[in-house]
file start_27.txt (compact mmCIF, C-alpha atoms)
# COMPACT_ATOMS: atom_id res chain seq x y z
CA MET A 1 48.65 122.72 -6.72
CA VAL A 2 49.76 124.80 -3.73
CA PHE A 3 53.37 123.78 -4.39
CA GLY A 4 53.30 125.03 -8.01
CA ARG A 5 51.50 128.24 -7.12
CA SER A 6 53.95 128.95 -4.33
CA ILE A 7 56.97 128.72 -6.65
CA ARG A 8 55.18 130.65 -9.41
CA ALA A 9 54.29 133.39 -6.93
CA ARG A 10 57.85 133.65 -5.60
CA MET A 11 59.38 133.70 -9.09
CA THR A 12 56.83 136.24 -10.32
CA ILE A 13 57.36 138.49 -7.30
CA ALA A 14 61.14 138.26 -7.70
CA THR A 15 60.91 139.08 -11.40
CA VAL A 16 58.56 142.02 -10.82
CA VAL A 17 60.69 143.38 -7.97
CA VAL A 18 64.00 143.14 -9.85
CA PHE A 19 62.83 144.40 -13.22
CA GLY A 20 60.43 146.88 -11.61
CA ALA A 21 63.32 148.42 -9.68
CA VAL A 22 65.44 148.61 -12.83
CA LEU A 23 62.59 150.09 -14.86
CA PHE A 24 61.64 152.71 -12.29
CA ALA A 25 65.31 153.65 -11.87
CA TRP A 26 65.40 154.19 -15.64
CA VAL A 27 62.21 156.30 -15.42
CA LEU A 28 63.76 158.44 -12.69
CA MET A 29 66.93 158.88 -14.73
CA MET A 30 64.87 159.89 -17.77
CA LEU A 31 62.90 162.42 -15.74
CA LEU A 32 66.10 163.95 -14.44
CA THR A 33 68.10 163.98 -17.70
CA TYR A 34 65.66 164.04 -20.62
CA PRO A 35 64.51 167.67 -20.37
CA ALA A 36 68.08 169.00 -20.17
CA ARG A 37 69.28 166.79 -23.05
CA ALA A 38 66.27 167.67 -25.21
CA ARG A 39 66.77 171.41 -24.68
CA ALA A 40 70.48 171.05 -25.40
CA ASP A 41 69.65 169.41 -28.73
CA LEU A 42 67.21 172.24 -29.58
CA ILE A 43 69.83 174.84 -28.68
CA ASP A 44 72.44 173.18 -30.91
CA GLN A 45 70.02 173.01 -33.81
CA ALA A 46 68.95 176.67 -33.40
CA ASP A 47 72.60 177.74 -32.96
CA GLU A 48 73.60 176.08 -36.23
CA ALA A 49 70.66 177.75 -38.05
CA SER A 50 71.46 181.20 -36.61
CA ARG A 51 75.13 180.91 -37.62
CA HIS A 52 74.13 179.96 -41.15
CA LEU A 53 71.70 182.88 -41.31
CA ALA A 54 74.43 185.26 -40.09
CA MET A 55 76.69 184.09 -42.92
CA LEU A 56 73.91 184.63 -45.47
CA ILE A 57 73.22 188.23 -44.46
CA SER A 58 76.91 189.05 -44.81
CA ARG A 59 76.52 188.94 -48.61
CA GLN A 60 72.84 189.07 -49.55
CA ARG A 61 69.65 190.87 -48.70
CA PHE A 62 66.43 188.87 -48.59
CA THR A 63 63.74 190.07 -50.92
CA GLY A 64 61.27 187.48 -49.65
CA PRO A 65 60.85 185.14 -46.74
CA ILE A 66 63.97 183.51 -45.30
CA PRO A 67 64.10 179.88 -46.43
CA PRO A 68 64.02 177.27 -43.63
CA ARG A 69 67.21 175.59 -42.51
CA LYS A 70 67.22 171.89 -41.57
CA GLY A 71 63.86 171.93 -39.85
CA VAL A 72 64.19 175.43 -38.40
CA PHE A 73 61.22 177.44 -39.64
CA LEU A 74 61.32 180.41 -37.23
CA MET A 75 64.07 182.90 -38.18
CA GLN A 76 64.38 186.68 -38.01
CA VAL A 77 67.01 189.34 -38.71
CA MET A 78 66.96 192.45 -36.49
CA ASP A 79 68.93 195.62 -37.16
CA ARG A 80 70.63 197.91 -34.65
CA GLU A 81 67.38 199.66 -33.78
CA GLY A 82 65.65 196.37 -33.01
CA ARG A 83 63.47 196.36 -36.13
CA VAL A 84 62.73 193.11 -37.95
CA VAL A 85 64.31 193.55 -41.41
CA ALA A 86 63.88 189.94 -42.60
CA ALA A 87 61.86 186.95 -41.50
CA ASN A 88 60.66 183.61 -42.74
CA ALA A 89 57.10 183.03 -43.90
CA GLY A 90 55.82 182.10 -40.45
CA LEU A 91 57.08 185.31 -38.84
CA THR A 92 56.40 187.84 -41.58
CA GLY A 93 54.78 190.92 -40.03
CA ARG A 94 55.29 189.56 -36.52
CA PRO A 95 57.09 191.38 -33.71
CA PRO A 96 60.61 190.36 -32.71
CA LEU A 97 60.96 186.89 -31.17
CA THR A 98 62.98 188.29 -28.29
CA ARG A 99 64.47 191.52 -27.03
CA ALA A 100 67.62 189.77 -25.89
CA ARG A 101 70.75 191.12 -27.59
CA PRO A 102 74.37 189.94 -27.46
CA THR A 103 76.20 191.80 -24.74
CA GLU A 104 79.43 193.64 -25.38
CA GLY A 105 82.24 191.25 -26.19
CA TYR A 106 79.89 188.41 -27.11
CA SER A 107 78.45 187.58 -30.51
CA ARG A 108 75.91 185.04 -29.34
CA VAL A 109 72.76 185.29 -27.25
CA GLN A 110 70.34 182.62 -26.01
CA ASP A 111 66.83 183.02 -24.65
CA ARG A 112 63.68 181.04 -23.81
CA VAL A 113 60.45 182.78 -24.74
CA CYS A 114 57.02 181.48 -23.71
CA LEU A 115 54.02 182.55 -25.81
CA PRO A 116 50.34 181.63 -25.42
CA ASP A 117 50.79 178.80 -27.94
CA GLY A 118 54.01 177.40 -26.45
CA CYS A 119 57.61 178.12 -25.53
CA LEU A 120 60.51 178.81 -27.91
CA ILE A 121 64.25 178.25 -27.66
CA VAL A 122 65.83 181.27 -29.36
CA VAL A 123 69.50 181.61 -30.33
CA GLY A 124 70.88 184.80 -31.91
CA MET A 125 74.21 185.43 -33.69
CA SER A 126 75.37 189.03 -34.26
CA HIS A 127 76.99 190.26 -37.47
CA PRO A 128 78.61 193.72 -37.26
CA ASP A 129 78.94 194.19 -41.03
CA SER A 130 75.94 192.59 -42.70
CA VAL A 131 74.04 193.93 -45.71
CA TYR A 132 71.65 195.38 -43.12
CA GLY A 133 74.45 196.95 -41.15
CA PRO A 134 75.04 195.74 -37.61
CA ALA A 135 72.37 193.04 -37.19
CA VAL A 136 71.50 189.93 -35.25
CA ALA A 137 70.31 186.69 -36.92
CA TYR A 138 67.82 184.77 -34.74
CA ALA A 139 66.68 181.15 -35.09
CA ALA A 140 64.01 179.60 -32.87
CA LEU A 141 62.57 176.14 -32.25
CA ARG A 142 59.44 175.22 -30.37
CA GLU A 143 59.84 173.12 -27.26
CA PRO A 144 58.01 169.79 -27.43
CA PHE A 145 54.79 169.68 -25.48
CA LEU A 146 56.11 167.12 -23.00
CA LEU A 147 59.00 169.38 -21.96
CA ARG A 148 56.64 171.97 -20.58
CA SER A 149 53.88 169.63 -19.44
CA PRO A 150 53.40 167.69 -16.18
CA PHE A 151 52.27 164.73 -18.28
CA LEU A 152 55.83 163.54 -18.90
CA PRO A 153 56.29 162.04 -15.38
CA LEU A 154 52.78 160.59 -15.54
CA LEU A 155 53.38 159.12 -18.98
CA LEU A 156 56.70 157.56 -18.07
CA SER A 157 55.43 156.25 -14.71
CA GLY A 158 52.25 154.88 -16.27
CA SER A 159 54.20 153.18 -19.04
CA ALA A 160 56.52 151.67 -16.43
CA VAL A 161 53.56 150.33 -14.43
CA VAL A 162 52.02 148.79 -17.56
CA LEU A 163 55.34 147.21 -18.54
CA VAL A 164 55.85 145.80 -15.03
CA ALA A 165 52.30 144.40 -15.06
CA LEU A 166 52.88 142.79 -18.46
CA LEU A 167 56.21 141.45 -17.23
CA GLY A 168 54.56 140.02 -14.10
CA TRP A 169 51.85 138.35 -16.19
CA GLY A 170 54.50 136.97 -18.54
CA ALA A 171 56.51 135.62 -15.62
CA TRP A 172 53.40 134.03 -14.07
CA TYR A 173 52.32 132.50 -17.37
CA GLY A 174 55.83 131.38 -18.33
CA THR A 175 56.69 129.82 -14.99
CA GLY A 176 53.29 128.14 -15.00
CA ARG A 177 54.05 126.54 -18.35
CA VAL A 178 57.49 125.47 -17.12
CA LEU A 179 56.26 124.17 -13.74
CA ALA A 180 53.13 122.42 -15.02
CA PRO A 181 54.96 119.10 -15.65
CA VAL A 182 56.66 119.39 -12.25
CA GLU A 183 53.28 119.99 -10.61
CA ARG A 184 51.87 116.90 -12.32
CA ILE A 185 54.82 114.87 -11.02
CA ARG A 186 54.28 116.25 -7.50
CA TRP A 187 50.56 115.48 -7.64
CA GLY A 188 51.30 111.96 -8.88
CA LEU A 189 53.71 111.38 -6.00
CA GLU A 190 51.16 112.72 -3.54
CA CYS A 191 48.67 110.08 -4.67
CA ILE A 192 51.16 107.27 -4.05
CA SER A 193 51.16 105.65 -0.63
CA ALA A 194 52.84 102.67 1.01
CA GLN A 195 49.68 100.68 0.39
CA ASN A 196 49.76 101.37 -3.35
CA LEU A 197 53.23 101.69 -4.82
CA SER A 198 52.19 100.42 -8.23
CA ARG A 199 51.23 103.88 -9.50
CA ARG A 200 53.66 105.89 -11.58
CA VAL A 201 53.93 109.57 -12.49
CA ASP A 202 53.29 110.78 -16.01
CA VAL A 203 56.37 111.36 -18.14
CA PRO A 204 56.01 114.52 -20.28
CA GLY A 205 56.99 114.19 -23.91
CA THR A 206 59.32 117.17 -23.84
CA GLY A 207 62.52 115.16 -23.59
CA ASP A 208 64.05 117.76 -21.27
CA GLU A 209 65.31 117.64 -17.68
CA VAL A 210 61.74 117.49 -16.32
CA ALA A 211 61.07 114.36 -18.38
CA GLN A 212 64.30 112.83 -17.11
CA LEU A 213 63.19 113.67 -13.55
CA ALA A 214 59.90 111.83 -14.12
CA VAL A 215 61.76 108.79 -15.47
CA THR A 216 64.07 108.80 -12.44
CA VAL A 217 61.09 109.10 -10.06
CA ASN A 218 59.41 106.12 -11.73
CA ASP A 219 62.59 104.05 -11.51
CA THR A 220 62.91 104.93 -7.81
CA LEU A 221 59.27 104.00 -7.20
CA ALA A 222 59.81 100.67 -8.94
CA ARG A 223 62.78 99.88 -6.69
CA LEU A 224 60.85 101.00 -3.61
CA GLU A 225 57.83 98.90 -4.55
CA ASP A 226 60.06 95.87 -5.01
CA ALA A 227 61.76 96.40 -1.63
CA VAL A 228 58.47 96.92 0.22
CA GLU A 229 56.89 93.93 -1.45
CA ARG A 230 59.87 91.73 -0.53
CA ASN A 231 59.67 92.97 3.07
CA ARG A 232 55.94 92.23 3.24
CA ARG A 233 56.44 88.77 1.83
CA PHE A 234 59.21 88.13 4.36
CA VAL A 235 57.06 89.14 7.34
CA SER A 236 54.05 87.21 6.06
CA ASP A 237 56.03 84.11 5.11
CA ALA A 238 58.00 84.14 8.37
CA SER A 239 54.78 84.35 10.36
CA HIS A 240 53.16 81.51 8.45
CA GLU A 241 56.27 79.34 8.63
CA LEU A 242 56.59 79.83 12.39
CA ARG A 243 52.97 79.22 13.26
CA SER A 244 52.97 75.52 12.38
CA PRO A 245 56.00 74.43 14.44
CA ILE A 246 54.88 76.61 17.32
CA ALA A 247 51.46 74.99 17.27
CA GLY A 248 53.10 71.55 17.31
CA LEU A 249 55.32 72.59 20.19
CA MET A 250 52.36 73.77 22.18
CA VAL A 251 50.54 70.44 21.66
CA ARG A 252 53.55 68.46 22.88
CA LEU A 253 54.01 70.75 25.86
CA GLU A 254 50.36 70.40 26.83
CA ALA A 255 50.75 66.64 26.75
CA GLY A 256 53.92 66.86 28.83
CA MET A 257 52.19 68.99 31.44
CA GLU A 258 50.18 65.91 32.49
CA ASN A 259 53.35 64.57 34.23
CA PRO A 260 53.56 65.21 37.97
CA ASP A 261 56.68 67.33 37.56
CA ALA A 262 55.23 69.95 35.24
CA ALA A 263 57.01 73.16 36.33
CA ASP A 264 59.46 73.15 33.44
CA TRP A 265 56.73 72.18 31.04
CA GLN A 266 54.59 75.09 32.24
CA ALA A 267 57.43 77.56 31.71
CA ALA A 268 58.08 76.20 28.25
CA PHE A 269 54.40 76.44 27.47
CA ASP A 270 54.30 80.08 28.62
CA ASP A 271 57.30 80.90 26.43
CA ALA A 272 55.75 79.19 23.45
CA GLN A 273 52.48 81.04 24.07
CA ARG A 274 54.29 84.37 24.15
CA LEU A 275 56.18 83.46 20.99
CA SER A 276 52.90 82.61 19.34
CA ASP A 277 51.46 85.99 20.38
CA ILE A 278 54.45 87.78 18.85
CA VAL A 279 54.04 85.89 15.58
CA HIS A 280 50.34 86.73 15.48
CA ASP A 281 51.23 90.38 16.13
CA LEU A 282 53.78 90.34 13.29
CA LEU A 283 51.20 88.89 10.94
CA LEU A 284 48.68 91.56 11.94
CA VAL A 285 51.32 94.28 11.45
CA ALA A 286 52.00 92.96 7.96
CA ARG A 287 48.29 93.03 7.13
CA LEU A 288 47.86 96.55 8.51
CA ASP A 289 50.88 97.83 6.57
CA ALA A 290 49.54 96.23 3.42
CA GLY A 291 46.23 98.03 3.91
CA VAL A 292 44.22 94.80 3.86
CA GLU A 293 40.58 95.81 4.18
CA THR A 294 38.20 93.92 6.47
CA ASP A 295 34.43 93.84 6.55
CA LYS A 296 33.01 96.71 8.57
CA GLU A 297 29.70 96.81 10.36
CA ARG A 298 27.72 99.14 12.57
CA LEU A 299 28.70 98.44 16.16
CA ASP A 300 27.48 99.63 19.55
CA LEU A 301 30.78 100.71 21.06
CA GLY A 302 29.56 100.62 24.65
CA ALA A 303 28.21 97.10 24.28
CA LEU A 304 31.45 96.02 22.60
CA VAL A 305 33.48 97.35 25.54
CA GLU A 306 31.19 95.57 28.05
CA GLU A 307 31.51 92.28 26.14
CA GLU A 308 35.30 92.56 26.02
CA VAL A 309 35.54 93.38 29.74
CA ALA A 310 33.28 90.44 30.59
CA ARG A 311 35.19 88.04 28.31
CA ARG A 312 38.71 88.55 29.57
CA PRO A 313 39.89 87.78 33.12
CA SER A 314 41.51 90.63 35.04
CA ARG A 315 43.87 90.93 37.97
CA LEU A 316 42.45 94.22 39.23
CA PRO A 317 38.88 95.33 39.96
CA LEU A 318 37.42 97.39 37.14
CA THR A 319 34.94 100.28 37.24
CA MET A 320 32.89 101.04 34.11
CA ASP A 321 30.91 104.08 33.01
CA VAL A 322 29.29 103.40 29.64
CA GLU A 323 27.01 105.74 27.72
CA PRO A 324 24.57 103.66 25.65
CA GLY A 325 23.72 104.23 22.02
CA LEU A 326 27.17 105.18 20.73
CA PHE A 327 27.55 103.55 17.32
CA VAL A 328 30.66 103.31 15.20
CA ARG A 329 31.43 101.56 11.92
CA GLY A 330 34.34 99.15 11.90
CA SER A 331 35.70 95.66 12.13
CA ARG A 332 34.52 93.89 15.28
CA LEU A 333 37.61 91.68 15.42
CA ARG A 334 40.09 94.54 15.07
CA LEU A 335 38.29 96.90 17.45
CA CYS A 336 38.20 94.10 20.01
CA ARG A 337 41.97 93.79 19.52
CA VAL A 338 42.35 97.50 20.37
CA LEU A 339 40.22 97.15 23.49
CA THR A 340 42.08 93.98 24.53
CA ASN A 341 45.44 95.74 24.24
CA LEU A 342 44.27 98.74 26.25
CA LEU A 343 42.64 96.64 28.99
CA ALA A 344 45.62 94.29 29.17
CA ASN A 345 48.07 97.17 29.59
CA ALA A 346 45.95 98.80 32.29
CA ASP A 347 45.51 95.52 34.17
CA ARG A 348 49.22 94.71 33.89
CA TYR A 349 50.57 98.07 35.09
CA GLY A 350 47.82 99.27 37.45
CA ASP A 351 48.33 99.15 41.21
CA SER A 352 44.85 98.65 42.59
CA ARG A 353 42.09 99.53 40.10
CA VAL A 354 41.21 100.17 36.44
CA TRP A 355 38.57 102.63 35.22
CA VAL A 356 36.89 102.38 31.80
CA SER A 357 34.52 105.00 30.37
CA VAL A 358 32.67 105.27 27.07
CA ARG A 359 31.06 108.59 26.17
CA GLY A 360 30.05 110.72 23.23
CA GLN A 361 31.89 113.94 22.45
CA GLY A 362 30.52 115.83 19.47
CA ASP A 363 30.75 113.62 16.40
CA GLU A 364 33.16 111.22 18.14
CA ALA A 365 32.85 108.26 20.46
CA VAL A 366 35.54 108.32 23.15
CA VAL A 367 36.84 105.33 25.11
CA GLU A 368 39.13 106.07 28.08
CA VAL A 369 41.06 103.40 29.99
CA LEU A 370 42.69 104.65 33.19
CA ASP A 371 44.97 102.79 35.61
CA ASP A 372 46.64 103.91 38.84
CA GLY A 373 50.07 102.52 37.98
CA PRO A 374 53.36 104.43 37.78
CA GLY A 375 52.22 106.30 34.68
CA ILE A 376 54.05 107.13 31.48
CA PRO A 377 56.54 110.06 31.43
CA VAL A 378 55.49 112.91 29.15
CA GLU A 379 58.57 112.52 26.96
CA MET A 380 57.70 108.84 26.38
CA ARG A 381 54.03 109.27 25.48
CA GLU A 382 54.67 109.09 21.76
CA ARG A 383 57.45 106.54 21.95
CA VAL A 384 55.10 103.91 23.42
CA PHE A 385 53.41 103.80 20.00
CA GLU A 386 56.65 102.90 18.24
CA ARG A 387 57.00 99.24 17.38
CA PHE A 388 58.95 97.05 19.80
CA THR A 389 59.19 99.87 22.37
CA ARG A 390 58.87 98.74 25.98
CA LEU A 391 58.89 100.81 29.17
CA ASP A 392 59.68 97.94 31.51
CA GLN A 393 62.27 99.97 33.43
CA THR A 394 59.59 102.34 34.68
CA ARG A 395 56.51 100.10 34.36
CA SER A 396 57.99 96.79 35.44
CA ARG A 397 54.90 94.93 36.60
CA ASP A 398 56.10 91.88 34.63
CA ALA A 399 58.29 91.01 31.71
CA GLY A 400 56.16 93.10 29.37
CA GLY A 401 54.52 92.24 26.06
CA SER A 402 55.87 91.99 22.56
CA GLY A 403 56.19 95.75 22.14
CA LEU A 404 53.58 95.66 19.35
CA GLY A 405 50.31 96.00 21.27
CA LEU A 406 49.96 99.79 21.38
CA PRO A 407 51.44 100.37 17.88
CA ILE A 408 48.93 97.85 16.48
CA ALA A 409 46.10 99.51 18.43
CA ARG A 410 46.99 102.95 17.04
CA ASP A 411 47.25 101.58 13.48
CA ILE A 412 43.80 100.01 13.82
CA ALA A 413 42.36 103.24 15.23
CA ARG A 414 43.78 105.23 12.33
CA ALA A 415 42.46 102.67 9.83
CA HIS A 416 39.01 103.39 11.30
CA GLY A 417 39.46 107.16 10.95
CA GLY A 418 40.16 107.66 14.65
CA THR A 419 43.06 108.35 17.01
CA LEU A 420 44.72 106.73 19.99
CA GLU A 421 46.87 108.73 22.36
CA VAL A 422 48.10 108.98 25.94
CA GLY A 423 45.93 111.58 27.65
CA ASP A 424 46.68 113.81 30.61
CA GLY A 425 46.03 111.72 33.71
CA GLY A 426 48.36 113.22 36.27
CA PRO A 427 50.32 110.42 37.97
CA ARG A 428 48.01 107.84 36.35
CA THR A 429 48.06 106.44 32.83
CA ARG A 430 45.09 107.48 30.69
CA MET A 431 44.69 105.98 27.23
CA VAL A 432 42.15 107.78 25.00
CA LEU A 433 40.60 106.14 21.92
CA ARG A 434 38.53 108.35 19.62
CA LEU A 435 36.40 106.96 16.77
CA PRO A 436 33.99 108.77 14.42
CA ARG A 437 30.35 108.13 15.27
CA ASP A 438 28.16 106.44 12.72
call {"tool": "encode", "arguments": {"input": "start_27.txt", "output": "structure tokens"}}
result
Amino acid sequence: MVFGRSIRARMTIATVVVFGAVLFAWVLMMLLTYPARARADLIDQADEASRHLAMLISRQRFTGPIPPRKGVFLMQVMDREGRVVAANAGLTGRPPLTRARPTEGYSRVQDRVCLPDGCLIVVGMSHPDSVYGPAVAYAALREPFLLRSPFLPLLLSGSAVVLVALLGWGAWYGTGRVLAPVERIRWGLECISAQNLSRRVDVPGTGDEVAQLAVTVNDTLARLEDAVERNRRFVSDASHELRSPIAGLMVRLEAGMENPDAADWQAAFDDAQRLSDIVHDLLLVARLDAGVETDKERLDLGALVEEEVARRPSRLPLTMDVEPGLFVRGSRLRLCRVLTNLLANADRYGDSRVWVSVRGQGDEAVVEVLDDGPGIPVEMRERVFERFTRLDQTRSRDAGGSGLGLPIARDIARAHGGTLEVGDGGPRTRMVLRLPRD
């Protein structure tokens, strides 16, 4: 779900930023240009009405109110003395709209008059020889409320904010609808692991590119499942096929060792034993990769460590410090395999002594195995857990193991919900196993 929300958030933010910038640029342009353009339109309309009125008074005298002209309802005619000699119905008996008069050499005058009930755009056109004598015909239009009010910036800005919010919601909702099938595919892939490749993602019934993507993902998963299954069968079959002849070889070699000259037989037996160990390790790796579950029980970890130490012979003296009453839940056989690998490595590479401790640490049980050998370089501490990795050039006590002991031990620890890592031990090697307490 985080994946889908992340893309939705980025797309929504990008949409809001881009269109918000465009919209607010338009609002700024409107605030800068609208008042001037609106007043220019009013002036043109009043100018046309005043010119028409000037033509009318050149041949007729009004006996009643001046009729309106194309939406202009405020008109007056003033004579030379500045008296109102004609007006429309709205200005009958009212004082002159303005005292502005055309200057000498000009026939037109323009003025802006603000009254208690609003502002007017007034345009006057003089006529030197009208029926009223020299006169001026005035036409006026009221300015819209928004032109003289501070609400225009607030209105435009508020409308822009609302539009951006609606656009952001639309982008969030729309991208959510578009990405919902992709999110379902991602969630389906997240639920698929190497231990269960039989699952498939849902194919939406839209028939679009997203549906084709789901089909391609399912085809890829099918091929991957087939390849992994063939690899597992190969490892398992190879292990089983090799175990029988190796067992027969070991029986014959044991019989041959009864001869007085048994040195060659002993070497062959050792090689066969090592080969057998490798095959057993390969079989265990195959089972761990396949996620084969084993029966788990409640185990006293300290007692398990003591039993394992007592069971196996060791080259070096061993010091133990075991805290009693530390219980874990797991497979006895597999946890013993982890302990065997750790103890065998410490005994193989240590110089003079091995230390083993078992203690509780919060909700974890911690097993530490420490040897005083040459240690593991910091840059190699993760590589030792890679399969078939050996450090015999720096830890050359003997020919080394199969290269699967520590990787198997870490896989078992992880299968039990724990960890296995190389701890900080200075010049020594310190292996740290952590398991959840039961």
call {"tool": "closest_residue", "arguments": {"input": "start_27.txt", "among": "A:Trp26, A:Tyr138, A:Tyr106, A:Tyr132", "to": "Val72 of chain A", "atoms": "only C-alpha atoms"}}
result
A:Tyr138
call {"tool": "residues_near_point", "arguments": {"input": "start_27.txt", "point": "(53.0, 115.2, -21.8)", "cutoff": "12 Å", "atoms": "all atoms listed in the file", "output": "ChimeraX atom specification"}}
result
/A:177,180-182,184-185,201-208,210-211,214
call {"tool": "residues_around", "arguments": {"input": "start_27.txt", "residues": "segment 43-53 of chain A", "least_positions_apart": "6", "cutoff": "12 Å", "atoms": "only C-alpha atoms", "output": "PyMOL selection string"}}
result
chain A and resi 36-37+59-62+66-78+86-88+107-112+120-127+130+135-143
call {"tool": "write_last_selection", "arguments": {"input": "start_27.txt", "atoms": "C-alpha atoms", "output": "JSON list (two decimals), keeping the file's coordinate frame"}}
result
[["chain", "number", "residue", "atom", "x", "y", "z"],
["A", 36, "ALA", "CA", 68.08, 169.00, -20.17],
["A", 37, "ARG", "CA", 69.28, 166.79, -23.05],
["A", 59, "ARG", "CA", 76.52, 188.94, -48.61],
["A", 60, "GLN", "CA", 72.84, 189.07, -49.55],
["A", 61, "ARG", "CA", 69.65, 190.87, -48.70],
["A", 62, "PHE", "CA", 66.43, 188.87, -48.59],
["A", 66, "ILE", "CA", 63.97, 183.51, -45.30],
["A", 67, "PRO", "CA", 64.10, 179.88, -46.43],
["A", 68, "PRO", "CA", 64.02, 177.27, -43.63],
["A", 69, "ARG", "CA", 67.21, 175.59, -42.51],
["A", 70, "LYS", "CA", 67.22, 171.89, -41.57],
["A", 71, "GLY", "CA", 63.86, 171.93, -39.85],
["A", 72, "VAL", "CA", 64.19, 175.43, -38.40],
["A", 73, "PHE", "CA", 61.22, 177.44, -39.64],
["A", 74, "LEU", "CA", 61.32, 180.41, -37.23],
["A", 75, "MET", "CA", 64.07, 182.90, -38.18],
["A", 76, "GLN", "CA", 64.38, 186.68, -38.01],
["A", 77, "VAL", "CA", 67.01, 189.34, -38.71],
["A", 78, "MET", "CA", 66.96, 192.45, -36.49],
["A", 86, "ALA", "CA", 63.88, 189.94, -42.60],
["A", 87, "ALA", "CA", 61.86, 186.95, -41.50],
["A", 88, "ASN", "CA", 60.66, 183.61, -42.74],
["A", 107, "SER", "CA", 78.45, 187.58, -30.51],
["A", 108, "ARG", "CA", 75.91, 185.04, -29.34],
["A", 109, "VAL", "CA", 72.76, 185.29, -27.25],
["A", 110, "GLN", "CA", 70.34, 182.62, -26.01],
["A", 111, "ASP", "CA", 66.83, 183.02, -24.65],
["A", 112, "ARG", "CA", 63.68, 181.04, -23.81],
["A", 120, "LEU", "CA", 60.51, 178.81, -27.91],
["A", 121, "ILE", "CA", 64.25, 178.25, -27.66],
["A", 122, "VAL", "CA", 65.83, 181.27, -29.36],
["A", 123, "VAL", "CA", 69.50, 181.61, -30.33],
["A", 124, "GLY", "CA", 70.88, 184.80, -31.91],
["A", 125, "MET", "CA", 74.21, 185.43, -33.69],
["A", 126, "SER", "CA", 75.37, 189.03, -34.26],
["A", 127, "HIS", "CA", 76.99, 190.26, -37.47],
["A", 130, "SER", "CA", 75.94, 192.59, -42.70],
["A", 135, "ALA", "CA", 72.37, 193.04, -37.19],
["A", 136, "VAL", "CA", 71.50, 189.93, -35.25],
["A", 137, "ALA", "CA", 70.31, 186.69, -36.92],
["A", 138, "TYR", "CA", 67.82, 184.77, -34.74],
["A", 139, "ALA", "CA", 66.68, 181.15, -35.09],
["A", 140, "ALA", "CA", 64.01, 179.60, -32.87],
["A", 141, "LEU", "CA", 62.57, 176.14, -32.25],
["A", 142, "ARG", "CA", 59.44, 175.22, -30.37],
["A", 143, "GLU", "CA", 59.84, 173.12, -27.26]]
call {"tool": "closest_residue", "arguments": {"input": "start_27.txt", "among": "A:Arg94, A:Arg99, A:Arg428, A:Arg243", "to": "Asp277 of chain A", "atoms": "all atoms listed in the file"}}
result
A:Arg243
call {"tool": "atom_distance", "arguments": {"input": "start_27.txt", "atom1": "atom CA of Ser314 of chain A", "atom2": "atom CA of Arg387 of chain A"}}
result
25.0 Å
call {"tool": "atom_distance", "arguments": {"input": "start_27.txt", "atom1": "atom CA of Gly405 of chain A", "atom2": "atom CA of Asn341 of chain A"}}
result
5.7 Å
call {"tool": "atom_distance", "arguments": {"input": "start_27.txt", "atom1": "atom CA of Arg329 of chain A", "atom2": "atom CA of Leu301 of chain A"}}
result
9.2 Å
call {"tool": "closest_residue", "arguments": {"input": "start_27.txt", "among": "A:Ala409, A:Pro317, A:Leu288, A:Val279", "to": "Thr340 of chain A", "atoms": "all atoms listed in the file"}}
result
A:Ala409
call {"tool": "residues_around", "arguments": {"input": "start_27.txt", "residues": "Glu386 of chain A", "least_positions_apart": "4", "cutoff": "9 Å", "atoms": "only C-alpha atoms", "output": "ChimeraX atom specification"}}
result
/A:382,403-404,406-407
